[in-house]
Structure formats: C-alpha cells, structure tokens
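The data block below is data16.txt; it holds compact mmCIF, C-alpha atoms.
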```txt
# COMPACT_ATOMS: atom_id res chain seq x y z
CA MET E 1 -46.91 -88.26 -91.77
CA ASP E 2 -43.58 -90.05 -91.59
CA PHE E 3 -42.68 -93.10 -93.68
CA ALA E 4 -43.69 -95.62 -90.97
CA SER E 5 -47.12 -93.99 -90.58
CA ILE E 6 -47.68 -93.98 -94.34
CA LEU E 7 -46.65 -97.64 -94.52
CA ILE E 8 -49.06 -98.57 -91.71
CA GLN E 9 -51.96 -96.77 -93.39
CA THR E 10 -51.08 -98.36 -96.73
CA LEU E 11 -51.11 -101.84 -95.18
CA ASN E 12 -54.37 -101.01 -93.40
CA SER E 13 -55.86 -99.86 -96.72
CA LEU E 14 -54.83 -103.09 -98.45
CA GLN E 15 -56.17 -105.24 -95.62
CA TYR E 16 -59.48 -103.35 -95.47
CA GLY E 17 -59.89 -103.32 -99.23
CA LEU E 18 -59.17 -107.04 -99.58
CA LEU E 19 -61.60 -107.84 -96.76
CA LEU E 20 -64.26 -105.72 -98.46
CA PHE E 21 -63.57 -107.65 -101.67
CA LEU E 22 -64.50 -110.92 -99.95
CA VAL E 23 -67.88 -109.48 -99.05
CA ALA E 24 -68.45 -107.63 -102.32
CA SER E 25 -67.37 -110.54 -104.53
CA GLY E 26 -70.23 -112.65 -103.17
CA LEU E 27 -72.63 -109.76 -103.66
CA THR E 28 -71.53 -109.10 -107.23
CA LEU E 29 -71.85 -112.81 -108.08
CA VAL E 30 -75.41 -112.95 -106.74
CA PHE E 31 -76.40 -109.56 -108.16
CA GLY E 32 -74.63 -109.83 -111.50
CA ILE E 33 -75.25 -113.50 -112.32
CA MET E 34 -78.53 -114.23 -110.60
CA GLY E 35 -80.07 -110.77 -110.84
CA ILE E 36 -80.97 -110.72 -107.14
CA ILE E 37 -80.78 -107.48 -105.14
CA ASN E 38 -79.81 -108.97 -101.80
CA LEU E 39 -80.08 -106.43 -98.99
CA ALA E 40 -79.40 -109.21 -96.48
CA HIS E 41 -75.83 -109.70 -97.70
CA GLY E 42 -74.46 -107.59 -94.85
CA SER E 43 -76.26 -109.90 -92.45
CA PHE E 44 -74.22 -112.79 -93.85
CA TYR E 45 -71.08 -110.90 -92.78
CA MET E 46 -72.61 -110.45 -89.32
CA ILE E 47 -73.52 -114.14 -89.12
CA GLY E 48 -69.91 -115.04 -89.86
CA ALA E 49 -68.62 -112.75 -87.10
CA TYR E 50 -71.07 -114.16 -84.55
CA LEU E 51 -70.24 -117.71 -85.61
CA ALA E 52 -66.57 -116.90 -85.00
CA PHE E 53 -67.46 -115.66 -81.52
CA VAL E 54 -69.68 -118.62 -80.62
CA LEU E 55 -67.51 -121.36 -82.13
CA THR E 56 -64.32 -119.88 -80.72
CA SER E 57 -65.95 -119.78 -77.29
CA VAL E 58 -66.84 -123.47 -77.63
CA THR E 59 -63.68 -124.78 -79.28
CA GLY E 60 -61.14 -122.29 -77.93
CA SER E 61 -59.65 -121.83 -81.41
CA LEU E 62 -60.42 -119.34 -84.16
CA PHE E 63 -58.87 -121.73 -86.70
CA THR E 64 -61.32 -124.45 -85.70
CA ALA E 65 -64.18 -121.94 -85.72
CA ILE E 66 -63.36 -120.96 -89.31
CA LEU E 67 -62.96 -124.57 -90.44
CA LEU E 68 -66.37 -125.38 -88.99
CA GLY E 69 -67.94 -122.10 -90.07
CA ILE E 70 -67.13 -122.28 -93.79
CA PRO E 71 -69.09 -125.50 -94.59
CA LEU E 72 -71.83 -124.44 -92.16
CA THR E 73 -72.38 -121.08 -93.86
CA PHE E 74 -72.20 -122.70 -97.30
CA ALA E 75 -74.96 -125.11 -96.22
CA ILE E 76 -77.06 -122.26 -94.77
CA GLY E 77 -76.66 -120.34 -98.02
CA ALA E 78 -77.75 -123.33 -100.09
CA LEU E 79 -80.77 -123.81 -97.83
CA LEU E 80 -81.77 -120.14 -98.10
CA GLU E 81 -81.47 -120.23 -101.88
CA TRP E 82 -83.64 -123.35 -102.08
CA ALA E 83 -86.27 -122.13 -99.63
CA LEU E 84 -86.50 -118.45 -100.58
CA PHE E 85 -84.29 -117.00 -103.29
CA SER E 86 -85.07 -119.63 -105.93
CA HIS E 87 -88.58 -118.18 -106.09
CA LEU E 88 -87.34 -114.66 -106.89
CA TYR E 89 -85.52 -115.08 -110.20
CA LYS E 90 -88.54 -114.13 -112.29
CA ARG E 91 -89.90 -111.60 -109.80
CA ASP E 92 -89.30 -107.86 -110.00
CA HIS E 93 -86.71 -106.09 -107.88
CA LEU E 94 -89.27 -104.67 -105.46
CA GLU E 95 -90.21 -108.15 -104.27
CA GLN E 96 -86.53 -109.04 -103.92
CA VAL E 97 -85.93 -105.93 -101.82
CA LEU E 98 -88.94 -106.67 -99.59
CA LEU E 99 -87.88 -110.26 -98.95
CA THR E 100 -84.23 -109.51 -98.31
CA TYR E 101 -85.05 -106.54 -96.05
CA GLY E 102 -87.33 -108.88 -94.11
CA LEU E 103 -84.40 -111.28 -93.75
CA ILE E 104 -82.33 -108.49 -92.18
CA LEU E 105 -84.99 -108.05 -89.49
CA ILE E 106 -85.25 -111.81 -88.94
CA PHE E 107 -81.49 -112.29 -88.63
CA GLU E 108 -81.17 -109.36 -86.23
CA GLU E 109 -83.97 -110.69 -84.04
CA LEU E 110 -82.49 -114.19 -84.04
CA ARG E 111 -79.11 -112.73 -83.15
CA SER E 112 -80.65 -110.84 -80.24
CA LEU E 113 -82.49 -113.92 -78.96
CA LEU E 114 -79.58 -116.34 -79.31
CA VAL E 115 -76.54 -114.24 -78.43
CA GLY E 116 -77.86 -111.03 -76.89
CA ASP E 117 -77.17 -107.38 -77.67
CA GLU E 118 -73.78 -107.01 -76.01
CA VAL E 119 -70.54 -106.26 -77.80
CA HIS E 120 -68.27 -109.31 -77.92
CA GLY E 121 -64.60 -109.84 -78.63
CA VAL E 122 -62.76 -112.69 -80.33
CA ASP E 123 -59.16 -113.40 -79.37
CA ILE E 124 -56.50 -113.23 -82.06
CA PRO E 125 -54.81 -116.66 -82.37
CA ALA E 126 -51.64 -116.75 -80.28
CA LEU E 127 -49.62 -117.74 -83.35
CA PHE E 128 -50.46 -114.39 -85.00
CA SER E 129 -50.69 -112.14 -81.94
CA ALA E 130 -47.25 -110.56 -82.43
CA SER E 131 -46.46 -107.26 -84.15
CA ILE E 132 -43.73 -106.29 -86.59
CA PRO E 133 -41.80 -103.18 -85.48
CA LEU E 134 -41.69 -100.45 -88.13
CA SER E 135 -40.07 -97.73 -86.04
CA ASP E 136 -39.13 -97.02 -82.45
CA VAL E 137 -42.75 -96.40 -81.52
CA LEU E 138 -44.82 -97.94 -84.33
CA SER E 139 -45.50 -101.59 -85.14
CA TYR E 140 -47.93 -103.52 -87.34
CA PRO E 141 -50.01 -106.53 -86.20
CA VAL E 142 -49.13 -109.82 -87.85
CA TYR E 143 -52.80 -110.85 -87.86
CA ARG E 144 -53.70 -108.03 -90.25
CA LEU E 145 -51.04 -109.30 -92.65
CA VAL E 146 -52.51 -112.79 -92.32
CA ILE E 147 -55.96 -111.43 -93.24
CA SER E 148 -54.48 -109.78 -96.34
CA GLY E 149 -52.69 -112.99 -97.30
CA VAL E 150 -55.82 -115.12 -96.88
CA CYS E 151 -57.86 -112.68 -98.97
CA ILE E 152 -55.28 -112.69 -101.76
CA VAL E 153 -55.25 -116.51 -101.83
CA LEU E 154 -59.06 -116.56 -101.94
CA ALA E 155 -59.13 -113.97 -104.74
CA LEU E 156 -56.76 -116.16 -106.79
CA GLY E 157 -58.86 -119.20 -105.96
CA LEU E 158 -62.00 -117.40 -107.10
CA TYR E 159 -60.28 -116.46 -110.34
CA PHE E 160 -59.26 -120.09 -110.91
CA LEU E 161 -62.76 -121.33 -110.08
CA ILE E 162 -64.52 -118.98 -112.49
CA GLN E 163 -62.01 -118.94 -115.34
CA ARG E 164 -60.36 -122.39 -115.25
CA THR E 165 -62.92 -124.95 -114.09
CA ARG E 166 -65.94 -126.64 -115.62
CA LEU E 167 -68.15 -125.22 -112.87
CA GLY E 168 -66.84 -121.75 -113.64
CA MET E 169 -67.58 -122.27 -117.33
CA MET E 170 -71.18 -123.18 -116.47
CA ILE E 171 -71.47 -120.17 -114.14
CA ARG E 172 -70.25 -117.84 -116.90
CA ALA E 173 -72.56 -119.47 -119.44
CA GLY E 174 -75.54 -119.15 -117.10
CA ASN E 175 -74.61 -115.53 -116.60
CA HIS E 176 -74.86 -114.80 -120.34
CA ASP E 177 -77.79 -117.01 -121.40
CA ARG E 178 -79.74 -119.03 -118.84
CA SER E 179 -82.16 -120.46 -121.42
CA MET E 180 -79.38 -121.84 -123.61
CA VAL E 181 -77.66 -123.43 -120.62
CA GLU E 182 -80.92 -125.14 -119.65
CA ALA E 183 -81.39 -126.31 -123.24
CA LEU E 184 -77.98 -128.00 -123.07
CA GLY E 185 -79.20 -130.09 -120.13
CA ILE E 186 -77.31 -128.27 -117.38
CA ASN E 187 -79.14 -127.88 -114.09
CA ILE E 188 -78.95 -124.09 -113.88
CA ASN E 189 -80.93 -124.06 -110.64
CA MET E 190 -78.18 -126.07 -108.98
CA ILE E 191 -75.55 -123.72 -110.43
CA TYR E 192 -77.41 -120.75 -108.96
CA ARG E 193 -77.61 -122.55 -105.61
CA VAL E 194 -73.86 -123.07 -105.57
CA VAL E 195 -73.24 -119.42 -106.54
CA PHE E 196 -75.51 -118.13 -103.79
CA ALA E 197 -74.02 -120.46 -101.19
CA LEU E 198 -70.53 -119.40 -102.25
CA GLY E 199 -71.50 -115.74 -101.90
CA PHE E 200 -72.91 -116.41 -98.42
CA ALA E 201 -69.77 -118.29 -97.36
CA LEU E 202 -67.42 -115.56 -98.66
CA ALA E 203 -69.28 -112.83 -96.77
CA ALA E 204 -69.41 -114.96 -93.61
CA LEU E 205 -65.70 -115.77 -93.90
CA ALA E 206 -64.95 -112.05 -94.11
CA GLY E 207 -66.93 -111.60 -90.88
CA MET E 208 -65.03 -114.45 -89.20
CA LEU E 209 -61.66 -113.00 -90.20
CA ALA E 210 -62.63 -109.48 -89.13
CA ALA E 211 -64.11 -110.47 -85.76
CA PRO E 212 -60.84 -110.28 -83.77
CA ILE E 213 -59.97 -106.78 -85.04
CA SER E 214 -63.40 -105.14 -85.24
CA SER E 215 -65.25 -106.89 -82.36
CA VAL E 216 -68.71 -108.42 -82.78
CA PHE E 217 -71.76 -106.21 -82.27
CA PRO E 218 -75.42 -105.78 -83.36
CA ASN E 219 -76.11 -104.35 -86.83
CA MET E 220 -72.46 -104.70 -87.79
CA GLY E 221 -73.45 -105.74 -91.30
CA SER E 222 -75.23 -102.50 -92.18
CA HIS E 223 -72.15 -100.41 -92.97
CA VAL E 224 -70.50 -103.30 -94.81
CA LEU E 225 -73.63 -103.75 -96.96
CA ILE E 226 -73.63 -100.10 -98.07
CA ILE E 227 -69.91 -100.13 -98.87
CA SER E 228 -70.31 -103.45 -100.72
CA PHE E 229 -73.02 -102.01 -102.98
CA VAL E 230 -70.76 -99.02 -103.65
CA ILE E 231 -67.99 -101.43 -104.67
CA VAL E 232 -70.30 -103.47 -106.90
CA VAL E 233 -71.57 -100.34 -108.67
CA ILE E 234 -68.23 -98.64 -109.27
CA GLY E 235 -66.48 -101.92 -110.08
CA GLY E 236 -69.07 -102.81 -112.72
CA ILE E 237 -72.15 -104.85 -111.91
CA GLY E 238 -71.34 -108.53 -112.26
CA SER E 239 -67.57 -108.04 -112.63
CA VAL E 240 -65.59 -109.85 -109.93
CA TRP E 241 -62.32 -108.26 -111.04
CA GLY E 242 -63.93 -104.84 -111.14
CA ALA E 243 -65.06 -105.51 -107.57
CA LEU E 244 -61.45 -106.26 -106.58
CA ILE E 245 -60.16 -103.01 -108.08
CA ALA E 246 -63.05 -101.03 -106.59
CA ALA E 247 -62.57 -102.60 -103.15
CA LEU E 248 -58.90 -101.59 -103.12
CA VAL E 249 -59.78 -98.06 -104.26
CA ILE E 250 -62.41 -97.76 -101.53
CA GLY E 251 -60.04 -99.25 -98.97
CA PHE E 252 -57.42 -96.60 -99.70
CA ALA E 253 -59.96 -93.76 -99.96
CA ASP E 254 -61.66 -94.63 -96.69
CA THR E 255 -58.48 -95.28 -94.69
CA PHE E 256 -56.50 -92.26 -95.86
CA GLY E 257 -59.65 -90.12 -95.83
CA LYS E 258 -60.03 -90.72 -92.10
CA VAL E 259 -56.38 -89.77 -91.53
CA LEU E 260 -56.00 -86.81 -93.88
CA LEU E 261 -59.56 -85.43 -93.98
CA PRO E 262 -61.18 -86.50 -90.70
CA ASP E 263 -63.92 -83.85 -90.93
CA PHE E 264 -65.01 -85.15 -94.34
CA SER E 265 -64.19 -88.84 -93.90
CA GLY E 266 -67.84 -89.89 -94.15
CA MET E 267 -68.08 -88.30 -97.60
CA VAL E 268 -64.86 -89.51 -99.20
CA VAL E 269 -66.12 -92.93 -100.32
CA TYR E 270 -69.20 -91.45 -101.97
CA LEU E 271 -67.21 -88.69 -103.64
CA VAL E 272 -64.98 -91.40 -105.11
CA MET E 273 -68.08 -93.27 -106.30
CA ALA E 274 -69.47 -90.12 -107.94
CA ALA E 275 -66.13 -89.41 -109.65
CA VAL E 276 -65.83 -92.95 -111.01
CA LEU E 277 -69.40 -93.02 -112.30
CA LEU E 278 -68.96 -89.64 -113.99
CA TRP E 279 -65.87 -91.07 -115.68
CA ARG E 280 -67.31 -94.53 -116.45
CA PRO E 281 -71.07 -94.81 -115.84
CA GLU E 282 -70.95 -98.59 -116.43
CA GLY E 283 -68.25 -99.01 -113.75
CA ILE E 284 -64.52 -99.65 -113.90
CA LEU E 285 -64.90 -102.99 -115.70
CA LYS E 286 -67.80 -104.41 -117.64
CA LYS E 287 -69.62 -107.51 -116.53
CA GLY E 288 -67.54 -110.66 -116.70
```

Render the structure in this file as structure tokens.
Amino acid sequence: MDFASILIQTLNSLQYGLLLFLVASGLTLVFGIMGIINLAHGSFYMIGAYLAFVLTSVTGSLFTAILLGIPLTFAIGALLEWALFSHLYKRDHLEQVLLTYGLILIFEELRSLLVGDEVHGVDIPALFSASIPLSDVLSYPVYRLVISGVCIVLALGLYFLIQRTRLGMMIRAGNHDRSMVEALGININMIYRVVFALGFALAALAGMLAAPISSVFPNMGSHVLIISFVIVVIGGIGSVWGALIAALVIGFADTFGKVLLPDFSGMVVYLVMAAVLLWRPEGILKKG
C-alpha cells in the first residue's frame, strides 16, 4: 500500500469508527445507566436511514431531512420509553430481550409495509459531493470528512452534556444510585426518558448520516447492532468514553482487516474483542 492508500483507509477507519460511536454511545447510555438490554437499538439506526430516504424524497434536501428527523426520532424514543421500556426497569433481562426482539420484528414489518423491500439510495448534498485529490488516481470524498466532523462535534457535545450540565449531573447521579436521586425529589423517570430518547436520536442520526454512503436496505440495523454491543462490551459497560475508544479501535480493525486480511476480515473484530477482554475483562474503561 502506498501513502495515499494508507491515508484513505485511515480516514475511512476514523469515519467508520466515529459513526459507530454515535450508535454505540446511545446503546451504552441505555444499557449502562438504565440497565436495559435493547436488541432493537440497531432498528433505530435503520429507522434513521429510512427517514433520511423518505424525508429527502419529500423535501429534496438531506439537511432538511436531518433537521426534521432529529426531533422526530427524539419524540419517538420518548414515546417508546413511556409506553414500553418504563415497565422493564425492575424486570429481568430475559423479559427485556423478548420485548426488544419483538420490536425488531415489528419495525421490520412496518418498514416493509410502508416503504417496501427494495434497496434505496440517498443523494449526497451537492455542497459536499466533491472529492479531495490525494494522488494522480486516488481522491477522498468530502462528505465522509463531513460525517467525521459532525461525529466529533457530537462527541464533544455529549461530553459537555454529561459532565458540565445540571441534566448530566442528574444522569450520572441516577446511574450510581436511583433511590437516592428519587429521595432528593428528582423525577428519575423523566431523566430515564430523556436518556432513552437521546440514545434513539443518536442511533437514528447515525443512520441518516450513513444513508448516502451505505444505501438504505432491509435489516441494515442487524450488523450495526452486533458491532455496537461489541463496542459497549470492550469499551466498558456504561462508559461513553470507553465506547469512543472502542469504536475507533473497531473502526481501524474492521477497515484495515478487510484490506490486509480479506480472507479473515469477518473474524478480525471478534479477535480484537477477545484480546481486549483477556487483557481487561471489565473493558477498556470502567463505567462512568
């Protein structure tokens, strides 16, 4: 591999890892703070991608689709938490798995009825449709750089929200001791609703951003769900910053694994997971 090829794969790894972080950060918040094993989280990613397709078809603009999609998915997440997930906090994990697996089937059937089973494409905004030349024959799409930039901004925003705001303080307190938070008069149920809705919106936003480069197709959330759980486990359950590190590690391992070890590319991610867990069984970072 020449320098330009290595640079392209490095940028691809960063973009893929940061996009995975958007999905996994929502999952680790819900799993680590609320104690919910949400198998439907990959479906939230799929919903975002299909919303990008539908809203872009209606409005003619991916920007408008995202601006409309973010509050819409946040509202859907809040509604799901109120109607379904709020009843699971004191239930065992088997009941959580059964409900969330059922949601996967429901979302897939709704997707089939409303949009069909065809593969769809979403146009890259004209503003970001150019490529940056890296050599005489190789170039890198501007839109992928935009995705990386958006994910970095959102990661910093998530850090600020959790570590520097009153809401973040209540989220962290509810994470450590729900009973004490309730005793202080804080509506922990509302905090959980916001956390779940935020997790839904982050996963859906990742789907909306990825739609132009990955296309939109049935069951597209399944692979993302598996990789997201891998990231949550090796990053440290409940640790957002561990999820960021793990997502970048997985992004590099998966991207370069497909280039350097194509025959074993399907195994690379899980070999990395096994190596990390042998080194640190609790994950890269502890909960926090």

Handout entry: Non-local contacts of E:Leu198 (7 Å; all atoms listed in the file; under 4 positions in same chain excluded) as an NGL selection string
Key = :E and (26 or 74 or 194 or 202)

Handout entry: Near-E:Tyr45 list (8 Å; all atoms listed in the file; drop same-chain fewer than 2 positions) as a list in words
Key = Val23, His41, Gly42, Ser43, Ile47, Gly48, Ala49, Ala203, Ala204, Leu205, Ala206, Gly207, Met208, Gly221 and Val224 of chain E

Handout entry: Among listed residues E:Ala52, E:Met170, E:Glu108, E:Gly236, nearest E:Asn189 (using all atoms listed in the file)
Key =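 Distance minimum relative to E:Asn189 lands on E:Met170.
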
Handout entry: Separation of atom CA of E:Phe160 from atom CA of E:Gly17, in Å and rounded to one decimal
Key = 20.4 Å

Exercise for the section: Tell me which protein, DNA and RNA residues are within 12 Å of E:Met169, counting only C-alpha atoms, leaving out same-chain ones fewer than 3 positions away, and put them as a ChimeraX atom specification. Expected result: /E:159-166,172-176,181,186,191,288

Handout entry: Residue nearest E:Met34 - candidates E:Leu158, E:Leu278, E:Leu138, E:Glu81, atoms counted: only C-alpha atoms
Key =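 Using only C-alpha atoms, E:Met34 sits closest to E:Glu81.
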
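For the pair atom CA of E:Ala201 and atom CA of E:Leu103, the interatomic distance is 16.6 Å.
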
Can you check which parts of stretch 9-80 of chain E lie within 10 Å of stretch 142-149 of chain E? Per residue, the shortest pair of atoms and distance in Å to one decimal, counting all atoms listed in the file, sorted by chain and number, as JSON lines.
```
{"residue": "E:Leu11", "atom": "CA", "partner": "E:Leu145", "partner_atom": "CA", "distance": 7.9}
{"residue": "E:Asn12", "atom": "CA", "partner": "E:Arg144", "partner_atom": "CA", "distance": 7.7}
{"residue": "E:Leu14", "atom": "CA", "partner": "E:Ser148", "partner_atom": "CA", "distance": 7.0}
{"residue": "E:Gln15", "atom": "CA", "partner": "E:Ser148", "partner_atom": "CA", "distance": 4.9}
{"residue": "E:Tyr16", "atom": "CA", "partner": "E:Ser148", "partner_atom": "CA", "distance": 8.2}
{"residue": "E:Gly17", "atom": "CA", "partner": "E:Ser148", "partner_atom": "CA", "distance": 8.9}
{"residue": "E:Leu18", "atom": "CA", "partner": "E:Ser148", "partner_atom": "CA", "distance": 6.3}
{"residue": "E:Leu19", "atom": "CA", "partner": "E:Ser148", "partner_atom": "CA", "distance": 7.4}
```

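Reported to one decimal place, the separation of atom CA of E:Phe3 from atom CA of E:Asp136 is 12.4 Å.
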
Problem - Which of E:Gly35, E:Pro218, E:Pro262, E:Gly257 sits closest to E:Phe107 [using only C-alpha atoms] - result: E:Pro218
